[in-house]
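Trainee: I'd like to ask you about the structure that follows.
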Amino acid sequence: MAELEGLEFGKSDFVLLDEVNMEQFMENLKLRFEKARIYTFIGEVVVSVNPYKQMDIYGKEAIDAYRGRELYENPPHLYAVADAAYKAMKRRAKDTCIVISGESGAGKTEASKYIMQYIAAITNPSQRAEVESVKNVLLKSNCVLEAFGNAKTNRNDNSSRFGKYMDINFNFNGDPTGGHINNYLLEKVRILRGGSEEMLGSLHLQNDPVNYVYTREGAASTTSNNDRSNHRAVLSALQVIGFSEEEIDSIYRILGTILILGNLQFETDSESVQVVGSEAVSHIAGLTTTEPDNVTKSLLYRTVATGGGEVIEKGHTEKEACFGRDAFAKALYERLFCWIVARINAVIEVKDYNPVLHGKNTVIGVLDIYGFEIFDNNSFEQFCINYCNEKLQQLFIELILRQEQDEYQREGITWQHIDYFNNQIIVDLVEQPHKGIISVLDEACLTVGKVTDTICLESMDAKLRQHPHYTSRKLTPSDKTMEFHRDFRIRHYAGDVTYSVEGFLDKNKDPLFQDFKRLMYNSSNPVLKEMWPDGQLSITEVTKRPLTAATLFKNSIVALVDKLGCKEPYYVRCIKPNEMKSPVLFDDARCQHQVAYLGLLENVRVRRAGFAYRQPYARFLQRYKMTCEYTWPNHLMETDREAVEAIVTQHGFQDDVAYGHTKLFVRTPRSLFTLEQERAALIPILVLFLQKVWRGALARMRCQRMRAIYAIMGCYKRYKVKAHFWEVERRFTNVRNMADYGKSVEWPTPPAALAQFDSITQQLHRRWRARQIVKNIPPSDMGEVRAKVAALGALSGERKDWGCGRPWERDYLSNVRDCPQTSSNFIRISKELRNKDQYNQVLFSGFCRKVNRFNKSTDRALFITEKHIYKLDPKKQFKVLKRLPLESVSTGLSITAGVDQMVALHTSSQDDVLLYIQRGELCPNQDRIGELLGTLIDHFTRSVATVRGCWVETGIGFRLQRGAELKQAKPNFTELAWLSINCSQ
């Protein structure tokens, strides 16, 4: 680290001083301040000097430079200690805390804000919305708490008048999931100006703090521009945190009430006290949504209960009324502040946390609390603040100095003891039971009768006169810096402080009358009602005497120290360089005094003589065992200490470590950093190895599952196949005995594997069923059946009615019923043609009308045998007009798709015949086209042709086309769709 900054900037770590003495320490501190190096290390402790100016060392580049780096890798910075605390929390799953200490004006509040900003910047890399929301609330809470809890003092422009300890909760990924804020002893406060005129008018206020008693003292130093921007920032922060418009309005109303209360005046009218002017009371009643009469009554009277349970009203004196007014205003502000803190906690607290599901919840605590104060007039508030700083200093001594040296002795490490001042004696002076100052104050407050501050001082003098760190004017009459019956002095670790005892008892008691509590509890405003739950008690209810302010504060500080003591601490020690708030002035005496009382020189000596890092052998081995071949994955040595020695020896750190009874001590951080670097390089390799092993295990498990799945699937598929067979067998068992041979039986849905098989099976069943039906048909009817089947195959879906449902007579000209007048003549002619042409079978005969190319039609008769097609003239005794060999009809046959009886016979000689089949008398509406077509197809299918181009045994092909031949023969049919029966091969 010393190599990162040049020698002209001094030593970046006080441990590197040539000699550890105050002169060299101050010389190095002053040099670094003058060179704008405001941060310096003492090991892991950061010493910060307030620069009193804005410095460009907190941007994104600085955050990236310190993210994930070790302390000594970069120059000293607040970010370095913040990152160290974050890494310790994340790596070791250990709660950590950052304690920021120093006197008022040393820069503690600013340091805490930079630390919070750094933690917010390095977390949540995946930008999860819920984590971003928590971060925003944590950051915005600073703005709100500063506005209500900080004030301008004569030593600090933005002095914290309350103590704040914030716990930030992190999940196992290191992302913030929530937090909790503890506040301690709110003292004097300021009220921001900057609101709009409309808002101020609604609160009955004016935009000038000089007009109000409570803000008049600091009004001259306030700048309106800053206040206006600050007001907008606070309002925005309240909205981001989640305060509703009603809650924000209630906050403004309470602030307005406090300001108006401060201006209330009282006057004595004969024997009673009255409020000067009724307008202020009306404003207070309106802002608090209470009745004006109840407000007046609470301000002027006190309701008390007698021993017999009787309730009486006791009027105030003018002094008592003023005291009650101020106590009421302070209580309003204090309860408002505590309510705001509780409201923020309700938003940021970790909700629905389950360690089993979400992993270990770790914490980083940030303490920003008022610094040590020495004013010209130090009262009860300064006494509590300085006691708090004594406790924090005692914690620092306990953890850094005493426990460090005690641990070396306990572990058997050779060590040269370093003397230091232990301020436990001063802590005991304040908090020791029965003898401490707080006990004396409580005893005086509980004593019946008129006990004054002077009597309380005399009691402290009597009990503490022998204490080396306590004195008063009575005990040292020659010390004229103190007043008789008023002042006492405590020799704090940070210097002597003289306190004025005036007002100690009143501030230590609970000075607020119960009437004010009941007034606020009965308000119509739900926020006010929530702030005053103790107002629900009636005046006759006996309650336990509340603890005094000093005792409550002591208990909270003891709890805070206990909370800090169980965490791994990181320190920021803030120093105020001058009283003039100058960025260039370095007051040597002032700074030397702070270095002395902060114990920084002793800290350097302990750090220089000690060890930077210590860890139990088991935990050290667990973290770094992968860096040594003898300890990975598990060692075979007798003890963990021997295994740790093997790690240290392999890396050559023997001269930089010491072995205790239970822990390993490492002197310099560089040795630890080397181990961390090697560990970081090995972790990806180990992770890959573990991933490989785990992926192999997962693959084997998946393979086993897949095998099991396929085995189950195979068994299930076989079962489904068998079940399907069983169901088919069950349904079709008796189909032979059914009238329809199973046509009405519904087939079960087959599994996917049997889809094709099911289709084939259903086809086989249909064939079998057809065979069973055909077997019962007489041989004489088989010709008709074959012809109908042939027609069905050719015309199904193409012609609506084709005579399927009637008997086919075929030879209609010989049928007496169809042709009663001409049948005898036709029978004679058919016999003559049989003898002449030697045909054996009549395929079709019937009357028709022939249409020629000139669209003229004549009656004719059509007679088709297996050898010829005859065109006959029925009017001339069925004279043969034309004889065509049946084989000549090789091109095809065309019929229409309608209900007419038109047919075109296409011949190979292109001498086509176009005619209409006429209906006979047997049935006037008979469609005989299907019969003609089916008979011809059946004949050509069954016959054997040996001449190429004629009808063949394999059947006839069909296609749908426009009848080109009919266009020539009959032009008015050109728009009809024709079914062409292709008779070619």
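Chains: A, B, ... in order of the structure tokens. Residues: from 1 per chain. Ligands: from 1, in order shown.
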Check the DSSP output for the backbone and give back, as a PyMOL selection string, the residues of range 620-822 of chain A in alpha helix (DSSP H).
Mentor: chain A and resi 620-624+640-651+669-731+755-775+782-795
Trainee: Give me the residues near range 78-82 of chain A as a list of chain:residue names, where near means some atom within 9 Å (using only C-alpha atoms) and where sequence neighbours in that chain fewer than 5 positions away do not count.
Mentor: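 The neighbour list is A:Tyr39, A:Glu44, A:Val45, A:Val46, A:Ser48, A:Tyr58, A:Ala62, A:Ile63, A:Tyr66, A:Arg67, A:Arg69, A:Glu70, A:Leu71, A:Tyr72, A:Lys87, A:Ile98, A:Ala111, A:Tyr114, A:Ile115, A:Met116, A:Tyr118, A:Ile119, A:Tyr570, A:Tyr571, A:Val572.
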Trainee: If I take CA of Arg614 in chain A and CA of Leu664 in chain A, how far is one from the other in Å, to one decimal?
Mentor: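 For CA of Arg614 in chain A relative to CA of Leu664 in chain A, the distance reads 5.5 Å.
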Trainee: With only C-alpha atoms as the counted atoms, please give the residues lying no more than 12 Å from Ile829 in chain A, apart from itself and same-chain residues fewer than 4 positions off, as number ranges by chain.
Mentor: A: 813-814, 822-825, 833-837, 863, 870, 872-874, 876-880
Trainee: Only N, CA, C and O atoms, please: the residues just picked out, written as a compact mmCIF listing (two decimals), in the first residue's frame.
Mentor:
```
# COMPACT_ATOMS: atom_id res chain seq x y z
N LEU A 813 -86.37 -52.86 -73.83
CA LEU A 813 -87.17 -52.94 -75.06
C LEU A 813 -87.92 -54.26 -75.15
O LEU A 813 -88.98 -54.35 -75.83
N SER A 814 -87.44 -55.33 -74.49
CA SER A 814 -88.11 -56.63 -74.50
C SER A 814 -89.11 -56.76 -73.37
O SER A 814 -89.83 -57.76 -73.28
N THR A 822 -94.37 -52.25 -78.25
CA THR A 822 -93.30 -52.55 -79.20
C THR A 822 -92.43 -53.73 -78.79
O THR A 822 -91.48 -54.08 -79.51
N SER A 823 -92.70 -54.29 -77.61
CA SER A 823 -91.82 -55.33 -77.11
C SER A 823 -91.78 -56.56 -78.01
O SER A 823 -90.72 -57.16 -78.23
N SER A 824 -92.94 -56.93 -78.59
CA SER A 824 -92.98 -58.14 -79.41
C SER A 824 -92.15 -57.96 -80.67
O SER A 824 -91.42 -58.87 -81.09
N ASN A 825 -92.24 -56.78 -81.28
CA ASN A 825 -91.43 -56.51 -82.47
C ASN A 825 -89.94 -56.54 -82.16
O ASN A 825 -89.13 -57.05 -82.94
N LEU A 833 -81.02 -60.60 -84.92
CA LEU A 833 -79.65 -60.11 -84.74
C LEU A 833 -78.79 -61.14 -84.00
O LEU A 833 -77.57 -61.25 -84.28
N ARG A 834 -79.38 -61.90 -83.07
CA ARG A 834 -78.64 -62.95 -82.38
C ARG A 834 -78.17 -64.00 -83.37
O ARG A 834 -77.02 -64.46 -83.28
N ASN A 835 -79.09 -64.37 -84.28
CA ASN A 835 -78.73 -65.38 -85.25
C ASN A 835 -77.66 -64.86 -86.22
O ASN A 835 -76.79 -65.60 -86.66
N LYS A 836 -77.79 -63.57 -86.54
CA LYS A 836 -76.87 -63.00 -87.50
C LYS A 836 -75.50 -62.71 -86.89
O LYS A 836 -74.46 -63.04 -87.49
N ASP A 837 -75.46 -62.02 -85.71
CA ASP A 837 -74.18 -61.56 -85.12
C ASP A 837 -73.66 -62.49 -84.03
O ASP A 837 -72.58 -62.23 -83.46
N PHE A 863 -79.51 -50.49 -78.54
CA PHE A 863 -79.43 -51.89 -78.22
C PHE A 863 -77.96 -52.26 -78.17
O PHE A 863 -77.23 -52.10 -79.15
N TYR A 870 -76.13 -51.14 -81.32
CA TYR A 870 -77.05 -50.96 -82.44
C TYR A 870 -77.89 -49.71 -82.21
O TYR A 870 -78.40 -49.49 -81.11
N LEU A 872 -81.32 -48.27 -83.57
CA LEU A 872 -82.51 -48.79 -84.24
C LEU A 872 -83.54 -47.69 -84.42
O LEU A 872 -83.57 -46.72 -83.62
N ASP A 873 -84.38 -47.87 -85.43
CA ASP A 873 -85.47 -46.92 -85.66
C ASP A 873 -86.76 -47.61 -85.24
O ASP A 873 -87.25 -48.54 -85.90
N PRO A 874 -87.34 -47.18 -84.09
CA PRO A 874 -88.56 -47.86 -83.59
C PRO A 874 -89.77 -47.65 -84.49
O PRO A 874 -90.72 -48.44 -84.44
N LYS A 876 -89.77 -47.87 -87.68
CA LYS A 876 -89.66 -48.75 -88.83
C LYS A 876 -89.34 -50.17 -88.40
O LYS A 876 -88.40 -50.79 -88.87
N GLN A 877 -90.07 -50.63 -87.46
CA GLN A 877 -89.96 -52.00 -86.98
C GLN A 877 -88.53 -52.31 -86.51
O GLN A 877 -87.99 -53.38 -86.72
N PHE A 878 -87.95 -51.30 -85.76
CA PHE A 878 -86.63 -51.45 -85.17
C PHE A 878 -85.57 -51.81 -86.21
O PHE A 878 -84.74 -52.70 -86.03
N LYS A 879 -85.67 -51.06 -87.31
CA LYS A 879 -84.67 -51.25 -88.36
C LYS A 879 -83.31 -50.80 -87.87
O LYS A 879 -83.17 -49.77 -87.21
N VAL A 880 -82.30 -51.58 -88.18
CA VAL A 880 -80.93 -51.24 -87.75
C VAL A 880 -80.42 -50.11 -88.61
O VAL A 880 -80.27 -50.26 -89.84
```
Trainee: If you run DSSP on this backbone, which residues of range 53-233 of chain A come out as strand (DSSP E or B), and could you give them as a list in words?
Mentor: Thr96, Cys97, Ile98, Val99, Ile100, Ser101, Asn150, Ala151, Ser159, Ser160, Gly163, Lys164, Tyr165, Met166, Asp167, Ile168, Asn169, Phe170, Pro176, Thr177, Gly178, Gly179, His180, Ile181, Asn182, Asn183 and Tyr184 of chain A
Trainee: Extract, using only C-alpha atoms, all DNA, RNA and protein residues at most 8 Å from Pro748 in chain A, discarding same-chain residues fewer than 3 positions from it, and format them as a VMD selection string.
Mentor: chain A and resid 724 727 to 728
Trainee: Provide the CA of Leu537 in chain A to CA of Asp515 in chain A distance in Å, to one decimal place.
Mentor: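 Separation of CA of Leu537 in chain A and CA of Asp515 in chain A: 10.4 Å.
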Trainee: Would you pick out the contacts of Gly365 in chain A at 8 Å or less, using only C-alpha atoms, so that residues sharing its chain but fewer than 5 positions from it are not included, and give the list as a ChimeraX atom specification?
Mentor: /A:96-98,165-168,564
Trainee: Restricting the output to N, CA and C atoms, write the selected residues as a PDB file, in the first residue's frame.
Mentor:
```pdb
ATOM      1  N   THR A  96     -21.121  -7.848  10.861  1.00  0.00           N
ATOM      2  CA  THR A  96     -20.085  -6.830  11.034  1.00  0.00           C
ATOM      3  C   THR A  96     -20.755  -5.502  11.358  1.00  0.00           C
ATOM      4  N   CYS A  97     -19.938  -4.552  11.817  1.00  0.00           N
ATOM      5  CA  CYS A  97     -20.450  -3.213  12.074  1.00  0.00           C
ATOM      6  C   CYS A  97     -19.346  -2.205  11.799  1.00  0.00           C
ATOM      7  N   ILE A  98     -19.753  -1.013  11.424  1.00  0.00           N
ATOM      8  CA  ILE A  98     -18.816   0.088  11.186  1.00  0.00           C
ATOM      9  C   ILE A  98     -19.150   1.174  12.197  1.00  0.00           C
ATOM     10  N   TYR A 165     -28.321   4.208  14.783  1.00  0.00           N
ATOM     11  CA  TYR A 165     -27.644   2.947  14.462  1.00  0.00           C
ATOM     12  C   TYR A 165     -28.541   2.191  13.492  1.00  0.00           C
ATOM     13  N   MET A 166     -27.996   1.888  12.331  1.00  0.00           N
ATOM     14  CA  MET A 166     -28.770   1.201  11.295  1.00  0.00           C
ATOM     15  C   MET A 166     -28.191  -0.169  11.038  1.00  0.00           C
ATOM     16  N   ASP A 167     -29.038  -1.185  11.153  1.00  0.00           N
ATOM     17  CA  ASP A 167     -28.689  -2.550  10.748  1.00  0.00           C
ATOM     18  C   ASP A 167     -29.195  -2.778   9.327  1.00  0.00           C
ATOM     19  N   ILE A 168     -28.310  -3.224   8.443  1.00  0.00           N
ATOM     20  CA  ILE A 168     -28.697  -3.561   7.067  1.00  0.00           C
ATOM     21  C   ILE A 168     -28.630  -5.074   6.936  1.00  0.00           C
ATOM     22  N   LEU A 564     -23.138  -4.015  19.351  1.00  0.00           N
ATOM     23  CA  LEU A 564     -21.896  -3.831  18.603  1.00  0.00           C
ATOM     24  C   LEU A 564     -20.853  -4.865  19.002  1.00  0.00           C
TER      25      LEU A 564
END
```
Trainee: Taking into account only C-alpha atoms, which residue in the set A:Leu205, A:Ile426, A:Cys819, A:Ile647 is nearest to Asp496 in chain A?
Mentor: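 That would be A:Ile426, the residue with the smallest distance to Asp496 in chain A.
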